[in-house]
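Comments concern the structure below.
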Protein chains: 2
Amino acid sequence: MHQKRQRPTTGRITINDVAERSGVSIKTVSRVLNNEPSVRPSTRARVEAAVQALDYSPNPSARGLAGTQSRMIGLIYENPSPNYLFRTITGVLEACNGAGYALSLQAPSPDEPNLAESVTRFVSQSRVDGLLLIPPVGDVVAVLDALEAIGLPYARVSPLDGRPGLGVSVDDRHASAQVVAHLTGLGHRRIGFISGHPEHGATQSRLEGYRLGLLRKDLDFEKELVVEGRFDLESGRRAGAYFLDMKNPPTAIFASNDEMAAGLLQFALERGWRIPEQLSIAGFDDTPLSRTLWPPLTTVHQPIRHMALRATELLLEHLDIHNHAAGARLGSRVEVFDAPLVERGTTAPPRA
Amino acid sequence: MHQKRQRPTTGRITINDVAERSGVSIKTVSRVLNNEPSVRPSTRARVEAAVQALDYSPNPSARGLAGTQSRMIGLIYENPSPNYLFRTITGVLEACNGAGYALSLQAPSPDEPNLAESVTRFVSQSRVDGLLLIPPVGDVVAVLDALEAIGLPYARVSPLDGRPGLGVSVDDRHASAQVVAHLTGLGHRRIGFISGHPEHGATQSRLEGYRLGLLRKDLDFEKELVVEGRFDLESGRRAGAYFLDMKNPPTAIFASNDEMAAGLLQFALERGWRIPEQLSIAGFDDTPLSRTLWPPLTTVHQPIRHMALRATELLLEHLDIHNHAAGARLGSRVEVFDAPLVERGTTAPPRA
DNA sequence: GAAAAATTTGTTAGCGCTGTCATTTTGAAT
DNA sequence: ATTCAAAATGACAGCGCTAACAAATTTTTC
C-alpha cells in the first residue's frame with residue numbers, strides 16, 4: 001500500500017522547506033529566524049512570508065544542538081507558599097512568552113540534602129540557558145557559587161545579600177515603617193510586632209522597618225513587644241497567646257506576614273476579642289488570604305508577579321546580549337519595587 | 001598562549017568519551033542509557049561505571065533531535081487556584097523526577113481567545129512528548145481533538161466526560177453524599193446547598209451527590225435550599241445573604257467548594273451568628289484555607305497531589321511503551337481516587 | 001564439533017539546525 | 001567605467017545522539 005518514501009522521516013516542516021519556498025539558502029532562513037542583521041529587508045519579508053505560509057516553527061532540539069542556546073530557562077523552587085509560587089510563575093511565563101522562551105520547572109526532591117548539587121544536576125540534565133532563583137534558593141551561597149563556576153546566568157528575586165548580579169527586590173524596611181506610620185497615624189502608641197523566621201531574609205529588614213517606624217514617632221522600642229514567629233499560622237496563634245495575656249497588651253499588632261496575622265486574628269476571635277475595635281492587626285504580603293479573612297486584613301502588597309516578570313526580563317536580556325559569550329560576567333543590576341500599604345478592615349483607631 | 005584545539009568545541013563530556021573509557025562503541029553506551037535489552041550485564045556494568053566516573057549526562061537536545069522523544073512533558077493550565085496548581089505541580093514533578101523527565105509549564109496568554117490553537121502552538125514549539133491536562137483545559141473538547149489530530153498523548157486530571165483516554169478522577173458524587181450523611185448524622189434535616197460554577201464539571205456531580213445524600217435519609221430535595229454559586233468567595237457571601245434571611249433558614253449549609261464556604265462563614269460571622277452552634281457549614285476541596293479559617297472548616301479532602309502524580313505516571317508509562325509508535329492510540333484508563341471527609345470545627349449538632 | 005540460531009556489539013547515516021568561512025552582490029569612491 | 005570595501009548570501013561541516021542495519025560473538029542443537 002505505502003511506498004517506502006525517500007526522506008521524510010518526520011512529517012514535519014523543516015528549515016529546508018522554508019528555504020526552498022522562499023528561494024534562499026537555509027542559512028538565510030536561519031538568519032531571519034534569529035533576527036540577525038545583514039539580511040535585506042526584501043528577503044527577510046519573503047522568508048517571513050514562507051514561514052507564515054508553512055506554519056513553520058524551528059525544532060528546539062536542533063537549535064539547541066547546533067547552537068549554544070536552548071531558549072529555555074529554569075525555575076527552581078523549594079518550599080514556597082503556593083501563592084507566592086503561583087504569582088511568580090505567572091510573571092515568569094509572561095516574560096517568557098513575550099521572548100519566545102520556554103520555562104522548565106524543577107523542585108529539588110526533599111531527600112536530596114545538598115541543594116547546590118541538586119541545582120547543578122538539574123542544570124546539566126536540562127541544559128537551560130539561565131535560571132531564575134526565588135527565595136530561599138536564591139539565598140544559598142553555595143548554589144550561586146556553583147552556578148558561577150559553571151558559568152550559568154541567573155537572576156534572583158528578593159536577594160538578601162549585597163552580592164552583585166541580576167535581581168529585583170522590594171524595600172521591606174520602608175514598607176514596614178509605613179505600616180507603623182499607618183498605625184501611629186490612627187493613634188496607636190503601643191504596637192506589637194511578630195517577626196519572622198530567623199533564617200528567612202526578609203525577617204531582619206522588616207524588623208528594622210518596625211524600629212524605624214517607631215523611631216520616627218519618638219516611640220520607644222520595647223523588647224517585650226516583639227515576638228519571634230515562624231511565618232506560619234501556628235506561630236501567629238502563639239504570639240496571640242503571648243500578647244493577649246499581657247497585663248498591658250498592645251492596641252495594635254503588626255505581624256510580619258499574612259499567615260501569622262491570620263493566626264493571630266484567629267486566636268483573638270476565638271478569645272472573643274472584637275477586631276479591629278479592641279485590637280488592630282496588620283500583615284505583610286497581601287496574599288489572597290488577606291481578603292478571605294474576616295475582617296479583611298490590612299497588609300502590605302508585594303508586587304510578586306511584576307517582580308518575577310521583571311527579573312525574568314533582566315535574565316533574558318542578559319542572555320540575548322551574551323548569547324555567544326558563554327561565561328560572560330553577569331552585569332550587576334538590582335531593581336527595587338514599591339510595596340504599598342493596603343488598608344482594609346483590621347486596623348482602626350484604638351478605643352478612647 | 002592557547003593552542004587552537006582540535007575537536008572540543010564544548011568542554012562537555014559526550015557519549016564518545018564514555019564509549020572510549022568503557023571500551024565499547026557509542027551505540028552500546030546508548031543502549032545502556034536507554035535501558036535497552038540485549039546488553040550483557042558485564043558490559044552494562046562497565047558502561048555504567050564510566051558514566052558514573054565521568055559524571056556524564058546525555059545531551060537532551062541531541063537525544064531529541066536524533067530520536068523521537070524529548071523526555072519532556074508539558075503542563076498547561078488556565079485560571080486554576082494557586083493551591084490547586086501548586087499541589088498538582090508537586091505531584092507531577094515527583095513523577096517526572098522519578099522517571100527522568102522534565103516539566104515544561106505553559107499558560108495560554110489571556111489575549112489568546114482560541115485555547116485549542118494556543119495548545120497546538122505550544123506543543124509544536126516545545127516538542128513535548130506528552131501533555132498533562134488539568135481542569136478546565138482538560139475539559140475543552142476542541143483541545144482534545146486537536147491533540148489527537150497531532151497524535152500527542154495526554155492524560156487528564158478530573159475529566160468530566162466519558163471520553164476514553166488516560167486520566168484520574170475523584171468520585172465527587174460519592175464524597176458529596178458523604179458530607180450530607182455526616183450532616184444528617186449530626187441531626188440536621190434542613191440542609192442548604194451552594195452549587196458551583198455551571199460550566200465547571202464538578203458542579204453537576206457534587207449536586208447529584210447532595211441529592212443522593214438526602215434521598216438516602218428520605219429527606220425531600222427542596223429547590224429553595226439550593227443556590228447557584230461561582231466557586232468564589234463573593235458567591236458564598238451572596239448565598240449567605242440568601243439563606244440567613246430566609247424565614248426558616250437551614251441548620252446546615254454545604255458549600256460545594258471551600259472558597260464559597262469561606263464566604264458564607266465570613267458573612268455569617270459578620271451577621272453575628274455563632275458557628276457551628278447556630279449553623280453548620282461544610283466545604284469541599286480541603287484547601288489550606290480550610291485550616292486557616294476560624295473555626296476550621298469541615299470539608300472533603302481532595303488528593304490533588306496524588307492524583308497529579310498518578311496521572312503523570314500513567315502518561316509516562318504510555319510514553320515509555322509507545323515511544324516508537326508515534327500515533328499509538330491512547331489506551332483508556334481512568335483511576336478513581338477516594339475523597340475522604342475531614343471533620344473540623346464548622347459542623348455540630350443543630351440546637352435542640 | 002559443525003551448523004544453525006540467538007544474542008550481543010559495531011558501523012554508518014542522518015535528525016534540523018547554527019557556526020565558520022567562502023562567495024557573490026551591492027554601493028561608494030575613484 | 002573600474003576598483004574596492006562593505007553588505008548580503010551561500011556551501012558545508014558538524015553539534016551529540018539514535019535508528020537501521022551489518023557484523024561478530026555466543027549459545028544451542030544434533
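Residues in the C-alpha cells are numbered from 1 in each chain, the chains being A, B, ... in the order shown, and ligands are numbered from 1 in the order shown.
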Determine which residues of chain D sit within 9 Å of chain A, taking into account only C-alpha atoms (C1' of nucleotides), and present them as a list in words.
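Putting it all together, I get DA7, DA8, DT9, DG10, DG14, DC15 and DG16 of chain D.
Listed by chain and then by rising number, the residues of range 124-246 of chain A that DSSP assigns to strand (DSSP E) from the backbone are A:Gly130, A:Leu131, A:Leu132, A:Leu133, A:Tyr154, A:Ala155, A:Arg156, A:Val157, A:Leu166, A:Gly167, A:Val168, A:Ser169, A:Val170, A:Ile191, A:Gly192, A:Phe193, A:Ile194, A:Ser195, A:Val226, A:Val227, A:Glu228.
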Identify all chain C residues at most 9 Å from chain B by counting only C-alpha atoms (C1' of nucleotides); ligands do not count. Present them as a compact mmCIF listing (two decimals) with N, CA and C atoms (P, O5', C5', C4', C3', O3' and C1' of nucleotides), in the first residue's frame.
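Okay, part.txt is ready:
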```txt
# COMPACT_ATOMS: atom_id res chain seq x y z
P DT C 7 17.55 -14.97 22.15
O5' DT C 7 18.90 -14.19 22.41
C5' DT C 7 19.97 -14.85 23.10
C4' DT C 7 21.23 -14.08 22.87
C3' DT C 7 21.18 -12.60 23.31
O3' DT C 7 21.99 -12.46 24.44
C1' DT C 7 22.37 -12.92 21.27
P DT C 8 22.02 -11.08 25.26
O5' DT C 8 23.20 -10.30 24.54
C5' DT C 8 24.53 -10.79 24.68
C4' DT C 8 25.41 -10.09 23.68
C3' DT C 8 25.60 -8.58 23.93
O3' DT C 8 26.94 -8.42 24.39
C1' DT C 8 25.38 -9.10 21.61
P DT C 9 27.49 -6.95 24.66
O5' DT C 9 27.87 -6.52 23.19
C5' DT C 9 29.21 -6.63 22.75
C4' DT C 9 29.31 -6.08 21.36
C3' DT C 9 29.46 -4.56 21.29
O3' DT C 9 30.81 -4.27 21.01
C1' DT C 9 28.04 -5.44 19.57
P DG C 10 31.29 -2.78 20.78
O5' DG C 10 31.07 -2.62 19.21
C5' DG C 10 31.74 -3.51 18.33
C4' DG C 10 31.48 -3.11 16.89
C3' DG C 10 31.77 -1.65 16.57
O3' DG C 10 32.50 -1.60 15.35
C1' DG C 10 29.55 -2.18 15.94
P DG C 14 21.94 9.43 4.81
O5' DG C 14 22.66 10.61 5.64
C5' DG C 14 21.92 11.74 6.07
C4' DG C 14 20.85 11.32 7.04
C3' DG C 14 20.18 12.51 7.71
O3' DG C 14 18.79 12.29 7.80
C1' DG C 14 21.27 11.19 9.34
P DC C 15 17.82 13.50 7.54
O5' DC C 15 17.28 13.88 8.98
C5' DC C 15 16.48 13.00 9.75
C4' DC C 15 16.39 13.56 11.15
C3' DC C 15 16.28 15.08 11.20
O3' DC C 15 14.91 15.42 11.38
C1' DC C 15 17.93 14.25 12.78
P DG C 16 14.22 16.40 10.30
O5' DG C 16 14.72 17.82 10.77
C5' DG C 16 14.42 18.25 12.09
C4' DG C 16 15.29 19.43 12.41
C3' DG C 16 15.19 20.59 11.41
O3' DG C 16 15.02 21.76 12.16
C1' DG C 16 17.43 20.03 11.77
```
Residues of chain B within 6 Å of chain A: nearest atom pair and distance (Å, one decimal) for each, counting only C-alpha atoms, sorted by chain and number, as a Markdown table?
```
| residue | atom | partner | partner_atom | distance |
| --- | --- | --- | --- | --- |
| B:Ser61 | CA | A:Ser61 | CA | 4.3 |
| B:Ala62 | CA | A:Leu65 | CA | 5.7 |
| B:Gly64 | CA | A:Ser61 | CA | 5.6 |
| B:Leu65 | CA | A:Ser61 | CA | 5.3 |
| B:Pro82 | CA | A:Phe86 | CA | 5.4 |
| B:Asn83 | CA | A:Pro82 | CA | 5.5 |
| B:Phe86 | CA | A:Pro82 | CA | 5.4 |
| B:Leu103 | CA | A:Ser104 | CA | 5.6 |
| B:Ser104 | CA | A:Ser104 | CA | 4.5 |
| B:Leu105 | CA | A:Leu103 | CA | 5.8 |
| B:Gln266 | CA | A:Trp294 | CA | 5.7 |
| B:Trp294 | CA | A:Gln266 | CA | 5.7 |
```
Would you export the selected residues with C-alpha atoms as a CSV table (one decimal), in the first residue's frame, please?
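Below is the file that was written, result_1.csv:
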```csv
chain,number,residue,atom,x,y,z
B,61,SER,CA,18.9,18.3,22.6
B,62,ALA,CA,20.9,15.6,20.8
B,64,GLY,CA,15.6,14.9,21.0
B,65,LEU,CA,17.0,15.5,17.5
B,82,PRO,CA,-2.9,28.8,43.2
B,83,ASN,CA,-3.2,25.9,45.6
B,86,PHE,CA,0.8,24.0,43.5
B,103,LEU,CA,8.4,19.5,33.1
B,104,SER,CA,7.7,22.5,30.9
B,105,LEU,CA,5.0,24.8,32.1
B,266,GLN,CA,-17.4,35.3,56.7
B,294,TRP,CA,-11.9,30.1,62.2
```
Would you list the contacts of Thr251 in chain B as a list in words, taking every protein, DNA or RNA residue within 8 Å and counting only C-alpha atoms (C1' of nucleotides), but skipping same-chain residues closer than 3 positions in sequence?
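So the residues in contact are His188, Arg189, Arg190, Ile191, Gly192, Gln278, Leu279, Ser280 and Pro350 of chain B.
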Set the distance at 10 Å and use only C-alpha atoms (C1' of nucleotides): which residues neighbour range 222-224 of chain A once local chain neighbours fewer than 3 positions away are removed? I'd like the list as number ranges by chain.
A: 190-193, 211, 214, 219, 227, 242-243, 246
What would the file look like if the residues just selected were written as a PDB file, in the first residue's frame with C-alpha atoms?
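Full text of selection-v8.pdb as output:
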```pdb
ATOM      1  CA  ARG A 190       1.743  50.550  71.855  1.00  0.00           C
ATOM      2  CA  ILE A 191       2.404  48.383  68.837  1.00  0.00           C
ATOM      3  CA  GLY A 192       3.383  44.741  68.997  1.00  0.00           C
ATOM      4  CA  PHE A 193       5.467  43.055  66.355  1.00  0.00           C
ATOM      5  CA  ARG A 211      12.028  50.008  64.660  1.00  0.00           C
ATOM      6  CA  LEU A 214       8.720  53.759  65.969  1.00  0.00           C
ATOM      7  CA  LEU A 219       8.235  55.841  70.411  1.00  0.00           C
ATOM      8  CA  VAL A 227       7.842  38.067  69.441  1.00  0.00           C
ATOM      9  CA  TYR A 242       1.522  35.908  74.418  1.00  0.00           C
ATOM     10  CA  PHE A 243       0.198  39.349  73.613  1.00  0.00           C
ATOM     11  CA  MET A 246      -0.117  40.589  78.859  1.00  0.00           C
TER      12      MET A 246
END
```
I want to know what sits within 9 Å of Val300 in chain A, based on only C-alpha atoms (C1' of nucleotides), with residues of the same chain fewer than 5 positions away left out; could you give that as a PDB file with N, CA and C atoms, in the first residue's frame?
```pdb
ATOM      1  N   ALA A 175       8.625  49.599  53.677  1.00  0.00           N
ATOM      2  CA  ALA A 175       7.223  49.201  53.748  1.00  0.00           C
ATOM      3  C   ALA A 175       6.800  48.953  55.196  1.00  0.00           C
ATOM      4  N   SER A 176       7.660  48.310  55.945  1.00  0.00           N
ATOM      5  CA  SER A 176       7.359  48.060  57.350  1.00  0.00           C
ATOM      6  C   SER A 176       7.172  49.366  58.103  1.00  0.00           C
ATOM      7  N   GLN A 178       6.174  52.028  56.937  1.00  0.00           N
ATOM      8  CA  GLN A 178       4.897  52.603  56.514  1.00  0.00           C
ATOM      9  C   GLN A 178       3.730  52.038  57.326  1.00  0.00           C
ATOM     10  N   VAL A 179       3.826  50.760  57.589  1.00  0.00           N
ATOM     11  CA  VAL A 179       2.769  50.122  58.375  1.00  0.00           C
ATOM     12  C   VAL A 179       2.710  50.770  59.757  1.00  0.00           C
ATOM     13  N   ASN A 257       4.070  38.719  58.402  1.00  0.00           N
ATOM     14  CA  ASN A 257       3.468  38.203  57.166  1.00  0.00           C
ATOM     15  C   ASN A 257       1.996  37.873  57.413  1.00  0.00           C
ATOM     16  N   ALA A 282      -2.157  44.145  61.524  1.00  0.00           N
ATOM     17  CA  ALA A 282      -1.669  44.368  60.165  1.00  0.00           C
ATOM     18  C   ALA A 282      -0.775  43.208  59.763  1.00  0.00           C
ATOM     19  N   GLY A 283      -0.775  42.908  58.495  1.00  0.00           N
ATOM     20  CA  GLY A 283       0.044  41.812  57.996  1.00  0.00           C
ATOM     21  C   GLY A 283       1.051  42.308  56.972  1.00  0.00           C
ATOM     22  N   PHE A 284       1.581  41.368  56.222  1.00  0.00           N
ATOM     23  CA  PHE A 284       2.560  41.718  55.206  1.00  0.00           C
ATOM     24  C   PHE A 284       2.505  40.647  54.121  1.00  0.00           C
ATOM     25  N   ASP A 285       2.396  41.058  52.893  1.00  0.00           N
ATOM     26  CA  ASP A 285       2.451  40.217  51.684  1.00  0.00           C
ATOM     27  C   ASP A 285       1.244  40.381  50.783  1.00  0.00           C
ATOM     28  N   ASP A 286       0.085  40.626  51.411  1.00  0.00           N
ATOM     29  CA  ASP A 286      -1.144  40.694  50.637  1.00  0.00           C
ATOM     30  C   ASP A 286      -1.390  39.429  49.835  1.00  0.00           C
ATOM     31  N   ALA A 339       6.329  48.543  47.682  1.00  0.00           N
ATOM     32  CA  ALA A 339       5.365  47.632  48.293  1.00  0.00           C
ATOM     33  C   ALA A 339       4.377  48.486  49.081  1.00  0.00           C
ATOM     34  N   PRO A 340       3.289  48.851  48.441  1.00  0.00           N
ATOM     35  CA  PRO A 340       2.363  49.793  49.059  1.00  0.00           C
ATOM     36  C   PRO A 340       1.482  49.176  50.147  1.00  0.00           C
ATOM     37  N   LEU A 341       1.115  49.984  51.087  1.00  0.00           N
ATOM     38  CA  LEU A 341       0.205  49.562  52.148  1.00  0.00           C
ATOM     39  C   LEU A 341      -1.214  49.481  51.609  1.00  0.00           C
ATOM     40  N   VAL A 342      -1.913  48.414  51.980  1.00  0.00           N
ATOM     41  CA  VAL A 342      -3.310  48.276  51.588  1.00  0.00           C
ATOM     42  C   VAL A 342      -4.162  48.287  52.851  1.00  0.00           C
ATOM     43  N   GLU A 343      -4.906  49.361  53.029  1.00  0.00           N
ATOM     44  CA  GLU A 343      -5.727  49.455  54.246  1.00  0.00           C
ATOM     45  C   GLU A 343      -7.021  48.705  54.058  1.00  0.00           C
TER      46      GLU A 343
END
```
For DT3 in chain D, find every residue with an atom within 12 Å (counting only C-alpha atoms (C1' of nucleotides)), except residues of its own chain fewer than 6 positions away, and show them as a PyMOL selection string.
chain C and resi 28-30
Mind writing the picked residues with N, CA and C atoms (P, O5', C5', C4', C3', O3' and C1' of nucleotides) as a CSV table (one decimal), in the first residue's frame?
```csv
chain,number,residue,atom,x,y,z
C,28,DA,P,25.6,54.3,-2.1
C,28,DA,O5',27.2,54.6,-1.9
C,28,DA,C5',27.8,54.1,-0.8
C,28,DA,C4',29.3,54.2,-1.0
C,28,DA,C3',29.8,55.7,-1.4
C,28,DA,O3',30.9,56.0,-0.6
C,28,DA,C1',30.6,54.1,-3.0
C,29,DA,P,31.5,57.4,-0.7
C,29,DA,O5',32.8,57.1,-1.6
C,29,DA,C5',33.7,56.1,-1.1
C,29,DA,C4',34.9,56.0,-2.0
C,29,DA,C3',35.4,57.3,-2.5
C,29,DA,O3',36.9,57.2,-2.5
C,29,DA,C1',34.8,56.0,-4.4
C,30,DT,P,37.7,58.6,-2.7
C,30,DT,O5',37.7,58.7,-4.3
C,30,DT,C5',39.0,58.7,-5.0
C,30,DT,C4',39.0,57.6,-6.0
C,30,DT,C3',39.8,57.9,-7.2
C,30,DT,O3',40.9,57.0,-7.3
C,30,DT,C1',37.7,56.9,-7.8
```
Using DSSP on the backbone coordinates, identify all residues within range 10-58 of chain A classified as alpha helix (DSSP H); present the result as a PyMOL selection string.
chain A and resi 15-22+26-33+41-54
Go ahead and write the selection's residues with C-alpha atoms as an mmCIF file, in the first residue's frame.
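Dumped to selection_10.cif:
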```cif
data_model
loop_
_atom_site.group_PDB
_atom_site.id
_atom_site.type_symbol
_atom_site.label_atom_id
_atom_site.label_comp_id
_atom_site.auth_asym_id
_atom_site.auth_seq_id
_atom_site.Cartn_x
_atom_site.Cartn_y
_atom_site.Cartn_z
ATOM 1 C CA ILE A 15 14.058 24.896 7.581
ATOM 2 C CA ASN A 16 14.715 23.346 4.183
ATOM 3 C CA ASP A 17 11.105 23.649 3.205
ATOM 4 C CA VAL A 18 11.105 27.272 4.152
ATOM 5 C CA ALA A 19 14.332 27.907 2.271
ATOM 6 C CA GLU A 20 13.030 26.208 -0.820
ATOM 7 C CA ARG A 21 9.768 28.055 -0.776
ATOM 8 C CA SER A 22 11.360 31.438 -0.331
ATOM 9 C CA ILE A 26 18.766 27.647 4.748
ATOM 10 C CA LYS A 27 21.401 29.838 6.283
ATOM 11 C CA THR A 28 19.499 32.924 5.319
ATOM 12 C CA VAL A 29 16.355 31.499 6.791
ATOM 13 C CA SER A 30 18.302 30.834 9.932
ATOM 14 C CA ARG A 31 19.401 34.463 9.938
ATOM 15 C CA VAL A 32 15.865 35.677 9.704
ATOM 16 C CA LEU A 33 14.736 33.309 12.414
ATOM 17 C CA PRO A 41 14.524 43.720 4.162
ATOM 18 C CA SER A 42 13.034 42.330 0.995
ATOM 19 C CA THR A 43 14.473 38.849 1.536
ATOM 20 C CA ARG A 44 13.545 38.978 5.165
ATOM 21 C CA ALA A 45 9.980 39.645 4.172
ATOM 22 C CA ARG A 46 9.994 36.822 1.684
ATOM 23 C CA VAL A 47 11.271 34.385 4.256
ATOM 24 C CA GLU A 48 8.836 35.521 6.851
ATOM 25 C CA ALA A 49 6.016 35.032 4.406
ATOM 26 C CA ALA A 50 7.137 31.486 3.772
ATOM 27 C CA VAL A 51 7.388 30.800 7.481
ATOM 28 C CA GLN A 52 3.890 32.075 7.884
ATOM 29 C CA ALA A 53 2.523 30.157 4.957
ATOM 30 C CA LEU A 54 4.029 26.870 6.024
#
```
What separation in Å, quoted to one decimal, exists between CA of Gly213 in chain A and CA of Leu225 in chain A?
14.1 Å
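Taking CA of Ile281 in chain B and CA of Glu199 in chain B as endpoints, the distance between them is 24.0 Å.
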Using Å and a single decimal, report how far CA of Ile76 in chain A sits from CA of Ala202 in chain A.
19.4 Å
